[in-house]
Every structure is written in C-alpha cells, then in structure tokens.
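Data first, discussion second: the structure below is written as structure tokens.
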Amino acid sequence: MTTLTEGPLPAPGPDGVNSLRARAVVRDLYARPIITVTDLTAPLLVLPDDAEKAPLPGAVTLAEVGATVHRWAALGIRGVKIFAYGHERDARASGAIAAGNRMVRGIEAVKAVDPKMAVTTEVCGCSWTDHGQCVLRDAAGAIDLDATFRLMEQMATQHAEAGADVISPTAMLDGSVRAVRNALDVAGLRDVGVNPNLALHTTLYGPFKQLMGTNPRAGHRRGLQLEPGRADRDTLVQARRWIAEGADSLTLQPVMTAVDVLVRLRADQQVPLVAYSTSGELASLLALGPEGMTEYHAMLKRAGADVVLTFAAELVAQHLVAGRG
C-alpha cells in the first residue's frame, strides 16, 4: 500500500510552480472575494450651509447630502454613519435635542434619497456642548451621569424617530448602552439597533475633531476612552459589559493601530463587529493608492470585521467596481 509520504514529491513545472496551483481554473475554483463594496460603510459629516470645502470625504452641507448618498448607493455602499456639526452650543447641549436640528435633517435627507441605506448615528455631547466634552457636568464640575444619560436617551429616540436604524453611544460610560436601549424600547423602537463604540485613546481622531469642533476646551477624553497599553484586555472586558447592557453590535476605533485587538475581539465575540478606520488614517491610505488601500480594508475583514467604516469607502468602492469590469 502506497502512502502519501512514500515516493518522490511531484515535480514542479518548468517555471518552478506546482502545476495544480498554477492552473487558472483551479485558482478560480478556490478564489473568494476578500472584500466587497457591501462590506463598506461611510462616515457622513453634515456641516453648516456656509461651511468651506472640507478635506475629509463625506463632509458635506445638508444640501449636498442627497447627491453624496445617491453616488455612494450607485457604487453599492449600503450604510452611512452620520455626524453633525452642532447649531448653537451651550453647556447642556440643548441643540442636540432641538426639533429639526442638523442631525435630524441629515437622517431625513439620507432616507429621502435611499430608504434602504442603513443609517447609524452617534449620541454624544461633544459637537453640541460649548465646552466640547462628551458629557454634561454639574455645578461642581463633576460628570452629571443622570443628565448625560437623559441627553443620550433623548438623542437616541429623536434620531430613531427621524429614521436612524442603529444608535451608537459614544462616551464610554457604564450604563449608557442600557439607558439608550431602554429609551428606544419604551418609545416602541425595539427594532432599532444599539452599537456602542470601543474607542482607544489616540491621535488618529485629529482631522475629524478639528473639522467638527469636538476638541474639549480643557483637558482630554482619556477617562472616557480605552488605554492603548491595556487595550488587548480592557476592550474584551468592556465589550462584554456592552453586550450585557443590550448592545447588538460593536465598533472598534481606530483600527489601524488596533488590528491585534480586532482579532482578539472577534475570537471573544460573535456579534457583528464594525472596524472604524478613523480620519487620521486617511492620509496613510491615500498614500497607498486605490489598490493598496483596498488590500488594507480586506485585511480588516480577514481580521474579523463584518463591516468597515472608512473615509476611504468611496475610493475603495470605485476600485472594486472597476475591477469587476
């Protein structure tokens, strides 16, 4: 009886490659797309009508939302995450829950163009408070958790009623996911998802924060973000907390410097994972060119992401569509 270990190995072909691996029909049989356009979602930054041309893709005025979403949908992109530059800003972020604010109109504008476009929104105070912080504070300067949770609950309900499909609590406060989930349930919006952020402290939010005016007037957000040096462990602990509080899916950001964390997170969790390639990553991606940035996003898929949220979504989509032709 002959075993596979007996006898000489198959001789390579004339070019030194095993002929079975070299045959196009076999390669085609085994080939699978690493990433498709439907794996991509794009940030949509809704700016004031008089805003100057912004350097980030997807940063547009309300009047430009329709054309932008139509263009993305034509490429096959099926999701957006909307951010809005606040109206009048005050210490209580009252503009965040004002009727017909820019976030609400942005959601409505997206759904008017493409009702099937999945819309995610953030509930956070940073672009609505005059101090630029994610939370509300009491007279002594301490975080006012009750008031912050009420703000997040009101924002979540308002966004969902305007048409948002998923709500993303941003400030990493234990109890915030539960508060948002309960508010949506009480409002009869049980089919709206909750996707909290797992945000590492980093400089890779810089271009977004500068454009959207979300840099805190004093201090930093380190206490509301994960420490990079402990992210391999703390991210898993926080993810489990969010799931216990009612999260349906999770977003990890920034992902360029946390691919190892993404791999660990996928091994620990079965819920959908969104890998967020943040604004500070864009310059490096542009330097790679269309093919290189597509390979980068494909790597994030292999590492465990179900969806990649990226400022390069349109460029990668164009490259993928061109490749099909």
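Each chain in the structure tokens gets a letter, A, B and so on, in the order shown; residues start at 1 in every chain, and ligands are counted from 1 in the order they appear.
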
Using only C-alpha atoms, which protein or nucleic acid residues come within 7 Å of segment 76-86 of chain A? Drop anything in the same chain fewer than 3 positions from it, and give the result as a PDB file with C-alpha atoms, in the first residue's frame.
```
ATOM      1  CA  VAL A  37     -18.487  47.030  -1.718  1.00  0.00           C
ATOM      2  CA  THR A  38     -21.306  45.890   0.569  1.00  0.00           C
ATOM      3  CA  LEU A  40     -18.111  49.163   3.405  1.00  0.00           C
ATOM      4  CA  THR A  41     -19.907  51.975   5.184  1.00  0.00           C
ATOM      5  CA  ALA A  42     -19.008  55.645   5.029  1.00  0.00           C
ATOM      6  CA  PRO A  43     -18.941  58.497   7.545  1.00  0.00           C
ATOM      7  CA  LEU A  44     -21.252  61.346   6.535  1.00  0.00           C
ATOM      8  CA  LEU A  45     -20.381  64.637   8.217  1.00  0.00           C
ATOM      9  CA  VAL A  46     -23.221  67.143   7.870  1.00  0.00           C
ATOM     10  CA  LEU A  47     -21.798  70.672   8.039  1.00  0.00           C
ATOM     11  CA  PRO A  48     -23.346  74.148   8.217  1.00  0.00           C
ATOM     12  CA  TRP A  72     -22.452  56.066  -2.876  1.00  0.00           C
ATOM     13  CA  ALA A  73     -25.563  53.940  -3.340  1.00  0.00           C
ATOM     14  CA  ARG A  89     -23.756  75.259  21.505  1.00  0.00           C
ATOM     15  CA  GLY A  95     -29.174  71.941  20.357  1.00  0.00           C
ATOM     16  CA  ARG A 102     -28.990  69.327  11.545  1.00  0.00           C
ATOM     17  CA  MET A 103     -28.658  65.683  12.593  1.00  0.00           C
ATOM     18  CA  MET A 117     -29.449  52.957   3.110  1.00  0.00           C
ATOM     19  CA  ALA A 118     -28.651  51.810   6.669  1.00  0.00           C
ATOM     20  CA  VAL A 119     -28.192  54.886   8.876  1.00  0.00           C
ATOM     21  CA  THR A 120     -26.192  54.863  12.109  1.00  0.00           C
ATOM     22  CA  THR A 121     -25.907  57.931  14.351  1.00  0.00           C
ATOM     23  CA  GLU A 122     -23.821  58.818  17.384  1.00  0.00           C
ATOM     24  CA  SER A 127     -20.370  68.545  18.950  1.00  0.00           C
ATOM     25  CA  TRP A 128     -23.214  70.198  20.856  1.00  0.00           C
ATOM     26  CA  MET A 212     -16.257  69.157  13.727  1.00  0.00           C
TER      27      MET A 212
END
```

**Report entry** Pairwise distance for atom CA of Val263 of chain A and atom CA of Gly289 of chain A, rounded to one decimal in Å
**Finding:**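 Between atom CA of Val263 of chain A and atom CA of Gly289 of chain A the gap works out to 25.1 Å.
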
**Report entry** Residue among A:Leu75, A:Leu282, A:Leu151, A:Leu262 lying closest to Ala171 of chain A, counting only C-alpha atoms
**Finding:** A:Leu151

Report task. For segment 174-176 of chain A, list every protein, DNA or RNA residue within 12 Å, evaluated using only C-alpha atoms, and leave out those in the same chain fewer than 3 positions away; present the list as a ChimeraX atom specification. Result -> /A:123-124,135,145-153,156,167-171,179-183,194-198,224-225,237-247

Give me the residues near Ala305 of chain A as a JSON list (two decimals) with C-alpha atoms, in the first residue's frame, where near means some atom within 8 Å (using only C-alpha atoms) and where sequence neighbours in that chain fewer than 3 positions away do not count.
```json
[["chain", "number", "residue", "atom", "x", "y", "z"],
["A", 262, "LEU", "CA", -9.80, 43.33, 16.49],
["A", 266, "ARG", "CA", -13.54, 38.54, 17.09],
["A", 272, "PRO", "CA", -21.29, 41.91, 14.30],
["A", 273, "LEU", "CA", -18.12, 43.99, 14.54],
["A", 274, "VAL", "CA", -17.52, 47.30, 12.79],
["A", 275, "ALA", "CA", -13.90, 48.33, 12.25],
["A", 300, "LEU", "CA", -9.55, 44.22, 8.32],
["A", 301, "LYS", "CA", -12.19, 41.82, 7.02],
["A", 302, "ARG", "CA", -9.84, 38.86, 7.47],
["A", 308, "VAL", "CA", -15.51, 48.52, 7.69]]
```

Query raised in the report: Any idea what the distance is between atom CA of Asp165 of chain A and atom CA of Thr235 of chain A?
Result: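 Calculated distance between atom CA of Asp165 of chain A and atom CA of Thr235 of chain A is 24.8 Å.
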
Query raised in the report: So what do you get for atom CA of Ile97 of chain A versus atom CA of Thr251 of chain A, distance-wise?
Result: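 Separation of atom CA of Ile97 of chain A and atom CA of Thr251 of chain A: 23.9 Å.
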
Report task. Would you please work out which residue, of A:Ala160, A:Val110, A:Val60, A:Ile35, is nearest to Leu184 of chain A when using only C-alpha atoms? Result ->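 Between A:Ala160, A:Val110, A:Val60, A:Ile35, the residue approaching Leu184 of chain A most closely is A:Ala160.
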
Requested in this report: Assign secondary structure with DSSP using the backbone only, and return the residues of segment 16-101 of chain A in helix (DSSP H, G or I) as a PyMOL selection string.
Outcome: chain A and resi 19-22+24-30+37-39+62-75+94-97

Selected residues written out with N, CA and C atoms, as a tab-separated table (two decimals), in the first residue's frame:
```tsv
chain	number	residue	atom	x	y	z
A	19	SER	N	2.04	22.63	-10.76
A	19	SER	CA	1.10	22.86	-11.85
A	19	SER	C	-0.35	22.96	-11.37
A	20	LEU	N	-0.66	22.23	-10.27
A	20	LEU	CA	-2.03	22.31	-9.76
A	20	LEU	C	-2.34	23.71	-9.25
A	21	ARG	N	-1.33	24.36	-8.66
A	21	ARG	CA	-1.56	25.71	-8.16
A	21	ARG	C	-1.52	26.73	-9.29
A	22	ALA	N	-0.87	26.38	-10.37
A	22	ALA	CA	-0.69	27.35	-11.44
A	22	ALA	C	-1.88	27.41	-12.39
A	24	ALA	N	-5.21	28.16	-13.95
A	24	ALA	CA	-6.18	29.23	-13.69
A	24	ALA	C	-7.53	28.69	-13.26
A	25	VAL	N	-7.95	27.57	-13.84
A	25	VAL	CA	-9.27	27.04	-13.50
A	25	VAL	C	-9.33	26.61	-12.04
A	26	VAL	N	-8.20	26.10	-11.51
A	26	VAL	CA	-8.16	25.69	-10.11
A	26	VAL	C	-8.12	26.91	-9.20
A	27	ARG	N	-7.30	27.87	-9.57
A	27	ARG	CA	-7.26	29.11	-8.78
A	27	ARG	C	-8.64	29.75	-8.74
A	28	ASP	N	-9.31	29.79	-9.87
A	28	ASP	CA	-10.65	30.39	-9.92
A	28	ASP	C	-11.65	29.60	-9.07
A	29	LEU	N	-11.48	28.28	-9.04
A	29	LEU	CA	-12.38	27.44	-8.26
A	29	LEU	C	-12.28	27.77	-6.77
A	30	TYR	N	-11.05	27.98	-6.30
A	30	TYR	CA	-10.83	28.23	-4.88
A	30	TYR	C	-10.96	29.70	-4.50
A	37	VAL	N	-18.00	45.68	-2.01
A	37	VAL	CA	-18.49	47.03	-1.72
A	37	VAL	C	-19.50	47.01	-0.58
A	38	THR	N	-20.29	45.95	-0.48
A	38	THR	CA	-21.31	45.89	0.57
A	38	THR	C	-20.71	45.70	1.96
A	39	ASP	N	-19.39	45.46	2.04
A	39	ASP	CA	-18.73	45.39	3.34
A	39	ASP	C	-18.36	46.78	3.87
A	62	LEU	N	-25.82	70.15	4.21
A	62	LEU	CA	-27.11	69.44	4.14
A	62	LEU	C	-27.61	69.37	2.70
A	63	ALA	N	-27.40	70.43	1.94
A	63	ALA	CA	-27.86	70.46	0.55
A	63	ALA	C	-27.14	69.44	-0.32
A	64	GLU	N	-25.96	69.02	0.11
A	64	GLU	CA	-25.15	68.08	-0.68
A	64	GLU	C	-25.35	66.63	-0.25
A	65	VAL	N	-26.10	66.40	0.81
A	65	VAL	CA	-26.28	65.04	1.32
A	65	VAL	C	-26.91	64.13	0.27
A	66	GLY	N	-27.96	64.60	-0.38
A	66	GLY	CA	-28.68	63.77	-1.34
A	66	GLY	C	-27.79	63.26	-2.46
A	67	ALA	N	-27.04	64.17	-3.08
A	67	ALA	CA	-26.17	63.78	-4.19
A	67	ALA	C	-25.07	62.84	-3.73
A	68	THR	N	-24.55	63.07	-2.52
A	68	THR	CA	-23.49	62.22	-1.99
A	68	THR	C	-24.00	60.80	-1.76
A	69	VAL	N	-25.14	60.69	-1.12
A	69	VAL	CA	-25.72	59.37	-0.83
A	69	VAL	C	-26.11	58.65	-2.12
A	70	HIS	N	-26.65	59.40	-3.07
A	70	HIS	CA	-27.02	58.79	-4.37
A	70	HIS	C	-25.77	58.21	-5.05
A	71	ARG	N	-24.67	58.94	-5.00
A	71	ARG	CA	-23.42	58.48	-5.63
A	71	ARG	C	-22.91	57.23	-4.92
A	72	TRP	N	-22.93	57.23	-3.62
A	72	TRP	CA	-22.45	56.07	-2.88
A	72	TRP	C	-23.34	54.85	-3.12
A	73	ALA	N	-24.64	55.06	-3.12
A	73	ALA	CA	-25.56	53.94	-3.34
A	73	ALA	C	-25.36	53.33	-4.72
A	74	ALA	N	-25.08	54.17	-5.71
A	74	ALA	CA	-24.85	53.68	-7.07
A	74	ALA	C	-23.63	52.77	-7.14
A	75	LEU	N	-22.66	52.99	-6.26
A	75	LEU	CA	-21.47	52.14	-6.20
A	75	LEU	C	-21.75	50.84	-5.45
A	94	SER	N	-28.22	71.66	24.44
A	94	SER	CA	-29.64	71.72	24.14
A	94	SER	C	-29.93	71.63	22.64
A	95	GLY	N	-28.97	72.05	21.80
A	95	GLY	CA	-29.17	71.94	20.36
A	95	GLY	C	-29.26	70.51	19.88
A	96	ALA	N	-28.70	69.58	20.67
A	96	ALA	CA	-28.69	68.17	20.27
A	96	ALA	C	-30.08	67.56	20.26
A	97	ILE	N	-31.00	68.15	21.01
A	97	ILE	CA	-32.36	67.61	21.05
A	97	ILE	C	-33.38	68.63	20.56
```

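For the residues A:Val186, A:Ala54, A:Val192, A:Leu226, ranking by smallest atom-to-atom distance to Leu173 of chain A using only C-alpha atoms places A:Leu226 first.
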
Requested in this report: Mind checking which residues fall within 10 Å of Ala267 of chain A, counting only C-alpha atoms, ignoring those fewer than 5 positions away in the same chain, and posting them as a list in words?
Outcome: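 The residues satisfying every condition are Leu236, Val261, Leu262, Ala303 and Gly304 of chain A.
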
Requested in this report: as a VMD selection string, list the residues of segment 275-311 of chain A assigned to strand (DSSP E) by DSSP on the backbone atoms of this structure.
Outcome: chain A and resid 275 to 277 307 to 310

Query - Residue nearest Ala162 of chain A among A:Leu288, A:Ala258, A:Ala109, A:Leu320 (counting only C-alpha atoms) - result: A:Ala109
